[in-house]
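Pasted below: input05.csv, CSV, C-alpha atoms.
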chain,number,residue,atom,x,y,z
L,436,MET,CA,-28.7,35.6,-75.4
L,437,ASN,CA,-28.2,31.9,-76.3
L,438,THR,CA,-28.5,29.4,-73.5
L,439,PRO,CA,-25.0,29.5,-71.9
L,440,SER,CA,-22.9,26.5,-71.2
L,441,TYR,CA,-20.6,26.0,-68.2
L,442,PHE,CA,-18.2,23.2,-67.6
L,443,ALA,CA,-17.8,21.8,-64.1
L,444,PRO,CA,-15.5,18.9,-63.1
L,445,THR,CA,-16.9,15.6,-61.8
L,446,GLY,CA,-13.8,14.0,-60.4
L,447,GLY,CA,-13.2,10.3,-60.8
L,448,LEU,CA,-9.8,8.7,-61.7
L,449,PRO,CA,-8.4,7.9,-65.1
L,450,PRO,CA,-7.7,4.2,-65.9
L,451,GLN,CA,-4.3,2.6,-65.2
L,452,THR,CA,-3.9,2.3,-69.0
L,453,ASP,CA,-3.8,6.1,-69.5
L,454,LEU,CA,-0.5,7.9,-70.2
L,455,LEU,CA,0.9,10.1,-67.4
L,456,THR,CA,1.6,13.0,-69.8
L,457,ASP,CA,-0.7,15.9,-69.2
L,458,ARG,CA,-0.9,19.7,-69.9
L,459,ALA,CA,-0.2,21.0,-66.4
L,460,ILE,CA,2.4,23.8,-66.4
L,461,VAL,CA,3.8,25.8,-63.4
L,462,THR,CA,6.1,28.7,-64.1
L,463,GLU,CA,7.1,31.9,-62.4
L,464,ALA,CA,4.9,33.9,-64.7
L,465,TYR,CA,1.8,31.7,-65.1
L,466,THR,CA,0.3,28.3,-64.2
L,467,VAL,CA,-2.1,26.1,-66.1
L,468,ILE,CA,-4.1,23.5,-64.2
L,469,PRO,CA,-5.9,21.4,-66.8
L,470,ARG,CA,-9.3,19.8,-66.1
L,471,GLY,CA,-7.7,16.4,-66.4
L,472,VAL,CA,-6.0,16.8,-63.0
L,473,LEU,CA,-9.2,17.8,-61.1
L,474,ARG,CA,-9.7,14.3,-59.7
L,475,ASP,CA,-11.2,12.8,-56.6
L,476,ILE,CA,-7.8,12.5,-54.7
L,477,VAL,CA,-6.9,16.2,-55.0
L,478,THR,CA,-10.1,17.6,-53.4
L,479,SER,CA,-10.3,19.5,-50.1
L,480,ASN,CA,-12.9,19.4,-47.4
L,481,PHE,CA,-13.8,22.7,-45.5
L,482,PRO,CA,-14.8,23.0,-41.9
L,483,GLY,CA,-18.4,24.2,-41.5
L,484,TRP,CA,-19.4,22.6,-44.8
L,485,THR,CA,-21.4,19.4,-45.2
L,486,ARG,CA,-21.5,17.1,-48.2
L,487,THR,CA,-19.1,19.3,-50.0
L,488,ARG,CA,-15.7,19.0,-51.7
L,489,ALA,CA,-13.5,21.6,-53.4
L,490,TRP,CA,-10.7,21.8,-55.9
L,491,ILE,CA,-8.5,24.7,-54.8
L,492,LEU,CA,-7.1,26.3,-58.0
L,493,ALA,CA,-5.2,29.3,-56.5
L,494,LYS,CA,-4.1,30.5,-53.1
L,495,PRO,CA,-1.5,33.1,-52.0
L,496,VAL,CA,1.8,31.3,-51.9
L,497,GLN,CA,5.3,32.4,-52.9
L,498,GLY,CA,5.6,32.3,-56.7
L,499,PHE,CA,1.9,32.0,-57.3
L,500,ALA,CA,-1.3,34.0,-56.6
L,501,THR,CA,-0.8,37.0,-54.3
L,502,THR,CA,-4.2,38.7,-54.1
L,503,PHE,CA,-6.9,36.0,-54.1
L,504,ALA,CA,-8.0,32.4,-53.8
L,505,GLN,CA,-10.2,30.5,-56.2
L,506,TYR,CA,-12.0,27.2,-56.0
L,507,VAL,CA,-14.4,25.0,-57.8
L,508,VAL,CA,-16.8,23.8,-55.1
L,509,GLU,CA,-19.1,20.8,-55.5
L,510,VAL,CA,-22.0,20.8,-53.0
L,511,GLY,CA,-23.9,17.5,-52.8
L,512,PRO,CA,-27.7,17.2,-52.3
L,513,GLY,CA,-28.6,18.5,-48.9
L,514,GLY,CA,-25.2,20.0,-48.4
L,515,GLY,CA,-23.9,23.5,-47.9
L,516,SER,CA,-22.8,25.8,-45.1
L,517,GLU,CA,-24.3,28.1,-42.5
L,518,GLN,CA,-21.0,29.9,-42.2
L,519,PRO,CA,-19.1,29.6,-45.5
L,520,GLU,CA,-16.7,32.5,-45.0
L,521,PRO,CA,-14.3,32.0,-42.0
L,522,GLU,CA,-12.6,35.5,-42.3
L,523,ALA,CA,-14.4,38.7,-41.6
L,524,GLY,CA,-12.3,40.9,-43.9
L,525,VAL,CA,-12.7,38.7,-47.0
L,526,GLU,CA,-15.1,39.4,-49.9
L,527,SER,CA,-16.4,36.8,-52.3
L,528,VAL,CA,-18.0,36.1,-55.7
L,529,VAL,CA,-19.8,32.9,-56.3
L,530,PHE,CA,-20.9,31.8,-59.8
L,531,LEU,CA,-23.1,28.7,-60.3
L,532,MET,CA,-22.1,26.4,-63.1
L,533,SER,CA,-24.4,23.4,-62.6
L,534,GLY,CA,-27.3,22.4,-60.3
L,535,ARG,CA,-29.3,24.6,-58.0
L,536,LEU,CA,-28.3,26.5,-54.8
L,537,ASP,CA,-30.3,28.5,-52.2
L,538,LEU,CA,-28.3,31.6,-51.2
L,539,THR,CA,-29.3,33.7,-48.2
L,540,VAL,CA,-27.5,37.1,-47.9
L,541,GLU,CA,-28.3,39.4,-45.0
L,542,GLY,CA,-31.6,37.6,-44.5
L,543,ALA,CA,-32.7,37.8,-48.2
L,544,GLU,CA,-33.3,34.5,-50.0
L,545,HIS,CA,-32.1,33.8,-53.5
L,546,HIS,CA,-32.5,30.7,-55.7
L,547,LEU,CA,-29.5,30.3,-58.0
L,548,GLU,CA,-29.5,28.3,-61.2
L,549,PRO,CA,-26.6,28.0,-63.7
L,550,GLY,CA,-25.4,31.5,-64.6
L,551,GLY,CA,-26.3,32.8,-61.2
L,552,TYR,CA,-23.8,35.3,-59.8
L,553,ALA,CA,-23.5,36.8,-56.3
L,554,TYR,CA,-21.1,39.4,-54.9
L,555,LEU,CA,-20.7,39.0,-51.1
L,556,PRO,CA,-18.9,41.8,-49.4
L,557,ALA,CA,-16.5,41.4,-46.5
L,558,GLY,CA,-18.4,40.9,-43.3
L,559,ALA,CA,-21.7,39.9,-45.0
L,560,ASP,CA,-23.9,37.2,-43.3
L,561,TRP,CA,-24.5,34.6,-46.0
L,562,THR,CA,-25.3,30.9,-46.3
L,563,LEU,CA,-25.5,28.3,-49.1
L,564,ALA,CA,-27.5,25.1,-49.4
L,565,ASN,CA,-28.2,22.6,-52.2
L,566,PRO,CA,-32.0,21.9,-52.2
L,567,GLY,CA,-31.8,19.6,-55.2
L,568,GLU,CA,-31.2,15.9,-55.9
L,569,THR,CA,-28.0,16.3,-57.9
L,570,PRO,CA,-24.6,18.0,-57.0
L,571,ALA,CA,-24.2,21.8,-57.6
L,572,SER,CA,-20.9,23.2,-58.8
L,573,LEU,CA,-19.8,26.7,-58.4
L,574,SER,CA,-16.7,28.9,-58.9
L,575,TRP,CA,-15.8,30.7,-55.6
L,576,VAL,CA,-13.4,33.6,-55.7
L,577,ARG,CA,-12.2,35.1,-52.3
L,578,LYS,CA,-10.1,38.3,-51.8
L,579,PRO,CA,-9.2,40.4,-48.8
L,580,TYR,CA,-11.1,43.6,-49.2
L,581,GLU,CA,-9.0,46.8,-49.4
L,582,PRO,CA,-11.0,49.8,-48.1
L,583,ALA,CA,-10.5,53.1,-49.8
L,584,PRO,CA,-10.6,56.4,-47.9
L,585,GLY,CA,-13.8,58.3,-48.3
L,586,ILE,CA,-15.5,55.5,-50.3
L,587,ASP,CA,-18.2,53.3,-48.8
L,588,ALA,CA,-17.7,49.5,-49.1
L,589,PRO,CA,-19.9,47.9,-51.8
L,590,LYS,CA,-23.2,46.2,-51.0
L,591,PRO,CA,-24.1,42.6,-51.8
L,592,PHE,CA,-26.0,41.9,-55.0
L,593,VAL,CA,-27.3,38.8,-56.8
L,594,THR,CA,-27.9,38.6,-60.6
L,595,ARG,CA,-27.6,36.2,-63.6
L,596,GLU,CA,-25.3,36.2,-66.6
L,597,GLN,CA,-28.4,35.8,-68.8
L,598,ASP,CA,-29.7,39.2,-67.6
L,599,ILE,CA,-26.6,41.2,-68.5
L,600,ALA,CA,-25.8,42.2,-72.1
L,601,PRO,CA,-22.1,41.6,-73.0
L,602,THR,CA,-20.1,44.8,-73.8
L,603,PRO,CA,-18.3,44.4,-77.1
L,604,MET,CA,-14.7,45.5,-77.2
L,605,PRO,CA,-14.0,48.4,-79.5
L,606,ASP,CA,-13.3,47.6,-83.1
L,607,THR,CA,-13.9,43.9,-82.8
L,608,ASP,CA,-17.4,43.6,-84.5
L,609,GLY,CA,-18.6,41.8,-81.4
L,610,THR,CA,-16.1,38.9,-81.7
L,611,TRP,CA,-14.6,39.8,-78.3
L,612,ALA,CA,-17.0,40.9,-75.5
L,613,THR,CA,-17.1,41.2,-71.7
L,614,THR,CA,-20.1,40.5,-69.4
L,615,ARG,CA,-19.4,43.0,-66.7
L,616,PHE,CA,-21.2,42.4,-63.4
L,617,VAL,CA,-19.7,45.6,-61.8
L,618,ASP,CA,-19.4,49.1,-63.3
L,619,PRO,CA,-15.6,49.5,-64.0
L,620,ASP,CA,-15.9,53.1,-62.7
L,621,ASP,CA,-17.3,52.1,-59.3
L,622,LEU,CA,-14.3,52.6,-57.0
L,623,ALA,CA,-16.0,50.8,-54.1
L,624,HIS,CA,-15.0,47.5,-55.8
L,625,ASP,CA,-11.4,46.4,-55.6
L,626,MET,CA,-11.9,43.3,-57.8
L,627,HIS,CA,-13.8,42.4,-60.9
L,628,VAL,CA,-15.0,38.9,-61.7
L,629,ASN,CA,-16.4,39.0,-65.3
L,630,ILE,CA,-17.1,36.7,-68.2
L,631,VAL,CA,-15.1,37.1,-71.3
L,632,THR,CA,-16.5,35.7,-74.6
L,633,PHE,CA,-14.7,35.2,-77.9
L,634,GLN,CA,-16.5,34.0,-81.0
L,635,PRO,CA,-14.7,31.4,-83.2
L,636,GLY,CA,-11.6,33.1,-84.6
L,637,GLY,CA,-11.7,36.0,-82.2
L,638,THR,CA,-8.5,37.2,-80.7
L,639,ILE,CA,-6.8,39.5,-78.3
L,640,PRO,CA,-4.8,41.3,-80.9
L,641,PHE,CA,-1.8,42.4,-78.8
L,642,ALA,CA,0.1,41.0,-75.8
L,643,GLU,CA,-1.6,42.5,-72.8
L,644,THR,CA,1.0,43.3,-70.2
L,645,HIS,CA,-0.5,45.0,-67.1
L,646,VAL,CA,-0.5,45.2,-63.3
L,647,MET,CA,-3.7,43.2,-62.7
L,648,GLU,CA,-3.3,39.6,-61.5
L,649,HIS,CA,-5.6,37.1,-63.2
L,650,GLY,CA,-7.4,33.9,-62.4
L,651,LEU,CA,-9.1,32.4,-65.5
L,652,TYR,CA,-11.5,29.5,-65.3
L,653,VAL,CA,-12.6,28.3,-68.8
L,654,LEU,CA,-16.4,27.8,-68.9
L,655,GLU,CA,-16.8,26.8,-72.5
L,656,GLY,CA,-14.8,26.1,-75.7
L,657,LYS,CA,-11.1,26.0,-76.5
L,658,ALA,CA,-8.3,28.4,-77.5
L,659,VAL,CA,-4.6,28.8,-77.9
L,660,TYR,CA,-3.5,31.2,-75.2
L,661,ARG,CA,-0.3,33.2,-75.3
L,662,LEU,CA,1.3,33.1,-71.8
L,663,ASN,CA,4.6,34.9,-71.4
L,664,ASN,CA,6.7,33.4,-74.2
L,665,ASP,CA,4.5,30.3,-74.7
L,666,TRP,CA,1.5,29.3,-76.7
L,667,VAL,CA,-0.7,26.9,-74.7
L,668,GLU,CA,-3.8,25.1,-75.7
L,669,VAL,CA,-6.7,25.4,-73.2
L,670,GLN,CA,-10.2,24.1,-73.1
L,671,GLU,CA,-13.3,24.2,-70.9
L,672,GLY,CA,-12.6,23.2,-67.3
L,673,ASP,CA,-9.0,24.4,-67.4
L,674,PHE,CA,-7.7,27.1,-65.0
L,675,MET,CA,-5.0,29.7,-65.6
L,676,TRP,CA,-3.2,31.9,-63.1
L,677,LEU,CA,-1.4,34.9,-64.6
L,678,ARG,CA,1.0,37.0,-62.5
L,679,ALA,CA,1.1,40.7,-62.7
L,680,PHE,CA,2.7,41.9,-66.0
L,681,CYS,CA,2.6,38.4,-67.6
L,682,PRO,CA,2.2,39.0,-71.3
L,683,GLN,CA,-1.1,37.5,-72.5
L,684,ALA,CA,-3.2,37.1,-75.6
L,685,CYS,CA,-5.3,34.4,-77.3
L,686,TYR,CA,-6.9,33.0,-80.4
L,687,ALA,CA,-10.4,31.3,-80.0
L,688,GLY,CA,-10.3,28.0,-81.7
L,689,GLY,CA,-14.0,27.2,-82.4
L,690,PRO,CA,-16.1,25.6,-83.4
L,691,GLY,CA,-18.2,27.4,-80.7
L,692,PRO,CA,-17.5,30.3,-78.4
L,693,PHE,CA,-14.6,30.4,-76.1
L,694,ARG,CA,-15.6,31.8,-72.7
L,695,TYR,CA,-14.0,32.2,-69.3
L,696,LEU,CA,-14.6,33.6,-65.8
L,697,LEU,CA,-12.0,36.2,-65.2
L,698,TYR,CA,-10.7,37.6,-61.8
L,699,LYS,CA,-8.6,40.7,-61.6
L,700,ASP,CA,-7.7,43.1,-58.8
L,701,VAL,CA,-8.5,46.7,-59.7
L,702,ASN,CA,-9.1,50.3,-58.5
L,703,ARG,CA,-6.5,50.6,-55.8
L,704,GLN,CA,-3.2,52.6,-55.4
L,705,ILE,CA,-0.1,50.5,-55.2
L,706,ARG,CA,1.0,50.0,-51.6
L,707,LEU,CA,4.6,50.8,-51.0
L,708,THR,CA,4.7,50.9,-47.2
Take the structure in the file and give it back as structure tokens.
Amino acid sequence: MNTPSYFAPTGGLPPQTDLLTDRAIVTEAYTVIPRGVLRDIVTSNFPGWTRTRAWILAKPVQGFATTFAQYVVEVGPGGGSEQPEPEAGVESVVFLMSGRLDLTVEGAEHHLEPGGYAYLPAGADWTLANPGETPASLSWVRKPYEPAPGIDAPKPFVTREQDIAPTPMPDTDGTWATTRFVDPDDLAHDMHVNIVTFQPGGTIPFAETHVMEHGLYVLEGKAVYRLNNDWVEVQEGDFMWLRAFCPQACYAGGPGPFRYLLYKDVNRQIRLT
């Protein structure tokens, strides 16, 4: 595949001469957090992490995300954490967008470069460290793991986007494809974090309306996204949260590919009690 491109925010502040108007939108059905609001003064620090800051994009609050949390994390040179996950029942996916990271999972060492992807099951022993001389930026998705009767919990794994062939969607001539890091039929997993790619002009040709909640972080390119009743322009570095059953579709605007990291909850019965 071609060398992938991943956008990561760098913070800073706009000049006092800039207009206040921006593209941020918060509704009951969806939220758009544009890259222009990911500034220094809205970062968070985490206990147990050194030389690290994070932009928290989604967390479970009333009227917003219900199943997951998602961050962009910037780890400075020499920074990282020996105990990054504070909750034993929470699983994670980390996806590296820039820089280098050393990841240790259950005693096994891995060296991540941009495109590196790791699934870290609930209760796993893992650490992260930046051995380089420049900051490393990653997307971090966290979700409480929901066990299923008679099914063993999934094991950790580490891979790269570059090593996985995208799966074209049917009847699209390859203009819409998904890089799947987990087999959709593997019921051990209760979430998928994949990369969706549209070539210029590619489209979702109907308004998807489904039970899965979404977090979408745009890695590359631009598009016009249909969210509920609205058409919204988005670009690399933007984040979208879509509630369950929010109608959704898009047109990729070009001139290059439009790509995003997509979270969704999957493979579990609806809890009623």
Determine, for each residue of region 573-680 of chain L having at least one atom at most 8 Å from an atom of region 687-695 of chain L, the closest pair of atoms and their separation in Å to one decimal, counting all atoms listed in the file; order by chain and ascending number, as CSV.
residue,atom,partner,partner_atom,distance
L:Ile630,CA,L:Tyr695,CA,5.6
L:Val631,CA,L:Tyr695,CA,5.4
L:Thr632,CA,L:Arg694,CA,4.4
L:Phe633,CA,L:Phe693,CA,5.1
L:Gln634,CA,L:Pro692,CA,4.6
L:Pro635,CA,L:Gly689,CA,4.3
L:Gly636,CA,L:Ala687,CA,5.1
L:Gly637,CA,L:Ala687,CA,5.3
L:Thr638,CA,L:Ala687,CA,6.2
L:Leu651,CA,L:Tyr695,CA,6.2
L:Tyr652,CA,L:Tyr695,CA,5.4
L:Val653,CA,L:Tyr695,CA,4.2
L:Leu654,CA,L:Tyr695,CA,5.0
L:Glu655,CA,L:Arg694,CA,5.1
L:Gly656,CA,L:Phe693,CA,4.3
L:Lys657,CA,L:Gly688,CA,5.6
L:Ala658,CA,L:Ala687,CA,4.4
L:Val659,CA,L:Ala687,CA,6.7
Calculated over only C-alpha atoms, which of the candidates L:Phe616, L:Phe592, L:Phe680, L:Phe641 has the smallest distance to Trp561 (chain L)?
L:Phe592
Might you pull out every residue within 9 Å of region 500-515 of chain L, with all atoms listed in the file counted and same-chain residues fewer than 5 positions away left off, and present them as a count of residues only?
44
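Proximity ranking of L:Val701, L:Gln451, L:Tyr441, L:Gly471 relative to Asp620 (chain L) places L:Val701 first, based on all atoms listed in the file.
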Shell of 10 Å around Val461 (chain L), only C-alpha atoms, local chain residues under 6 positions omitted, as an MDAnalysis selection string
chainID L and resid 467:468 498:499 675:676
Point-to-point distance in Å for CA of Leu473 (chain L) and CA of Pro521 (chain L)
24.3 Å
If I put a ball of radius 10 Å at (-25.6, 28.7, -72.5) in the file's coordinates, which residues poke into it when counting all atoms listed in the file, written as an mmCIF file with C-alpha atoms, in the frame of the given file?
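part_14.cif, freshly written:
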data_model
loop_
_atom_site.group_PDB
_atom_site.id
_atom_site.type_symbol
_atom_site.label_atom_id
_atom_site.label_comp_id
_atom_site.auth_asym_id
_atom_site.auth_seq_id
_atom_site.Cartn_x
_atom_site.Cartn_y
_atom_site.Cartn_z
ATOM 1 C CA MET L 436 -28.700 35.600 -75.400
ATOM 2 C CA ASN L 437 -28.200 31.900 -76.300
ATOM 3 C CA THR L 438 -28.500 29.400 -73.500
ATOM 4 C CA PRO L 439 -25.000 29.500 -71.900
ATOM 5 C CA SER L 440 -22.900 26.500 -71.200
ATOM 6 C CA TYR L 441 -20.600 26.000 -68.200
ATOM 7 C CA PRO L 549 -26.600 28.000 -63.700
ATOM 8 C CA GLY L 550 -25.400 31.500 -64.600
ATOM 9 C CA GLU L 596 -25.300 36.200 -66.600
ATOM 10 C CA GLN L 597 -28.400 35.800 -68.800
ATOM 11 C CA LEU L 654 -16.400 27.800 -68.900
ATOM 12 C CA GLU L 655 -16.800 26.800 -72.500
#
Interatomic distance, CA of Ser479 (chain L) to CA of Asp625 (chain L) (Å, one decimal):
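Calculated distance between CA of Ser479 (chain L) and CA of Asp625 (chain L) is 27.5 Å.
Interatomic distance, CA of His645 (chain L) to CA of Val667 (chain L): 19.6 Å.
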For Thr607 (chain L), which of L:Tyr686, L:Pro640, L:Tyr580, L:Trp666 is the closest residue, counting all atoms listed in the file?
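Of all the options, L:Pro640 lies closest to Thr607 (chain L).
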Minimum-distance residue to Arg458 (chain L), chosen among L:Asn480, L:Thr708, L:Ser516, L:Gln670 (using only C-alpha atoms)
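The closest residue to Arg458 (chain L) is L:Gln670.
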Spatial neighbours of Asp618 (chain L), max dist 12 Å, all atoms listed in the file, sep filter under 3 positions, as a list in words:
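The neighbour list is Pro589, Ile599, Thr602, Thr613, Thr614, Arg615, Asp621, Leu622, Ala623, His624, Asp625, Met626, His627, Val628, Asn629, Val701 and Asn702 of chain L.
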For Gln683 (chain L), which residue among L:Val472, L:Ala464, L:Met532, L:Ala557 is the nearest when counting only C-alpha atoms?
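Once distances to Gln683 (chain L) are computed over only C-alpha atoms, the minimum belongs to L:Ala464.
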Which residue of L:Cys685, L:Leu448, L:Ala679, L:Ala600 approaches Arg474 (chain L) most closely, using all atoms listed in the file:
L:Leu448
Env of Glu522 (chain L): 9 Å cut, atoms = all atoms listed in the file, seq-sep filter 2 positions within chain, self excluded. Answer as a ChimeraX atom specification.
/L:520,524-526,557-558,579
With C-alpha atoms retained, write the just-selected residues as a PDB file, in the frame of the given file.
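That gives us out_3.pdb:
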ATOM      1  CA  GLU L 520     -16.700  32.500 -45.000  1.00  0.00           C
ATOM      2  CA  GLY L 524     -12.300  40.900 -43.900  1.00  0.00           C
ATOM      3  CA  VAL L 525     -12.700  38.700 -47.000  1.00  0.00           C
ATOM      4  CA  GLU L 526     -15.100  39.400 -49.900  1.00  0.00           C
ATOM      5  CA  ALA L 557     -16.500  41.400 -46.500  1.00  0.00           C
ATOM      6  CA  GLY L 558     -18.400  40.900 -43.300  1.00  0.00           C
ATOM      7  CA  PRO L 579      -9.200  40.400 -48.800  1.00  0.00           C
TER       8      PRO L 579
END
Find the residues around Leu662 (chain L) up to 7 Å (all atoms listed in the file counted), leave out those fewer than 2 positions away in its own chain, and share them as a list in words.
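Selected residues are Tyr465, Tyr660, Asn664, Asp665, Trp666, Cys681, Pro682 and Gln683 of chain L.
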Write a file for region 572-639 of chain L, containing C-alpha atoms (output as a tab-separated table (two decimals), in the first residue's frame).
chain	number	residue	atom	x	y	z
L	572	SER	CA	1.01	11.07	19.15
L	573	LEU	CA	-1.47	8.23	19.43
L	574	SER	CA	-5.19	7.65	19.39
L	575	TRP	CA	-6.32	5.77	22.51
L	576	VAL	CA	-9.77	4.14	22.69
L	577	ARG	CA	-10.94	2.67	26.02
L	578	LYS	CA	-14.05	0.57	26.66
L	579	PRO	CA	-15.34	-1.54	29.58
L	580	TYR	CA	-15.07	-5.13	28.35
L	581	GLU	CA	-18.35	-7.05	28.33
L	582	PRO	CA	-17.71	-10.80	28.76
L	583	ALA	CA	-19.89	-13.27	26.85
L	584	PRO	CA	-20.95	-16.61	28.34
L	585	GLY	CA	-18.90	-19.51	27.02
L	586	ILE	CA	-16.48	-17.30	25.06
L	587	ASP	CA	-12.91	-16.70	26.17
L	588	ALA	CA	-11.76	-13.10	26.38
L	589	PRO	CA	-9.54	-11.97	23.48
L	590	LYS	CA	-5.76	-11.99	23.67
L	591	PRO	CA	-3.51	-8.98	23.10
L	592	PHE	CA	-2.03	-8.43	19.67
L	593	VAL	CA	0.18	-5.86	17.94
L	594	THR	CA	0.21	-5.17	14.20
L	595	ARG	CA	0.53	-2.37	11.62
L	596	GLU	CA	-1.95	-0.87	9.22
L	597	GLN	CA	0.63	-1.32	6.45
L	598	ASP	CA	0.52	-5.11	6.91
L	599	ILE	CA	-3.25	-5.52	6.49
L	600	ALA	CA	-4.95	-5.36	3.10
L	601	PRO	CA	-8.11	-3.21	3.11
L	602	THR	CA	-11.35	-5.05	2.40
L	603	PRO	CA	-13.35	-3.33	-0.38
L	604	MET	CA	-17.02	-2.82	0.29
L	605	PRO	CA	-19.25	-4.75	-2.16
L	606	ASP	CA	-20.12	-3.05	-5.45
L	607	THR	CA	-17.85	-0.03	-4.86
L	608	ASP	CA	-14.91	-0.83	-7.20
L	609	GLY	CA	-12.59	-0.27	-4.26
L	610	THR	CA	-13.55	3.37	-3.69
L	611	TRP	CA	-14.75	2.46	-0.17
L	612	ALA	CA	-12.72	-0.02	1.86
L	613	THR	CA	-12.15	-0.99	5.49
L	614	THR	CA	-8.91	-2.07	7.11
L	615	ARG	CA	-10.14	-4.60	9.68
L	616	PHE	CA	-7.83	-5.39	12.57
L	617	VAL	CA	-10.23	-7.98	14.03
L	618	ASP	CA	-12.30	-10.65	12.29
L	619	PRO	CA	-15.93	-9.40	12.41
L	620	ASP	CA	-17.06	-12.96	13.22
L	621	ASP	CA	-14.81	-13.24	16.29
L	622	LEU	CA	-17.36	-12.90	19.09
L	623	ALA	CA	-14.65	-12.57	21.73
L	624	HIS	CA	-14.34	-8.92	20.71
L	625	ASP	CA	-17.04	-6.49	21.79
L	626	MET	CA	-15.59	-3.51	19.95
L	627	HIS	CA	-13.96	-2.86	16.59
L	628	VAL	CA	-11.48	-0.08	15.89
L	629	ASN	CA	-10.86	-0.06	12.14
L	630	ILE	CA	-9.64	2.34	9.44
L	631	VAL	CA	-12.13	3.33	6.75
L	632	THR	CA	-10.79	4.71	3.46
L	633	PHE	CA	-12.66	6.52	0.68
L	634	GLN	CA	-11.00	7.41	-2.59
L	635	PRO	CA	-11.85	10.88	-3.99
L	636	GLY	CA	-15.52	10.94	-4.90
L	637	GLY	CA	-16.28	7.79	-2.92
L	638	THR	CA	-19.47	7.77	-0.90
L	639	ILE	CA	-21.60	5.93	1.60
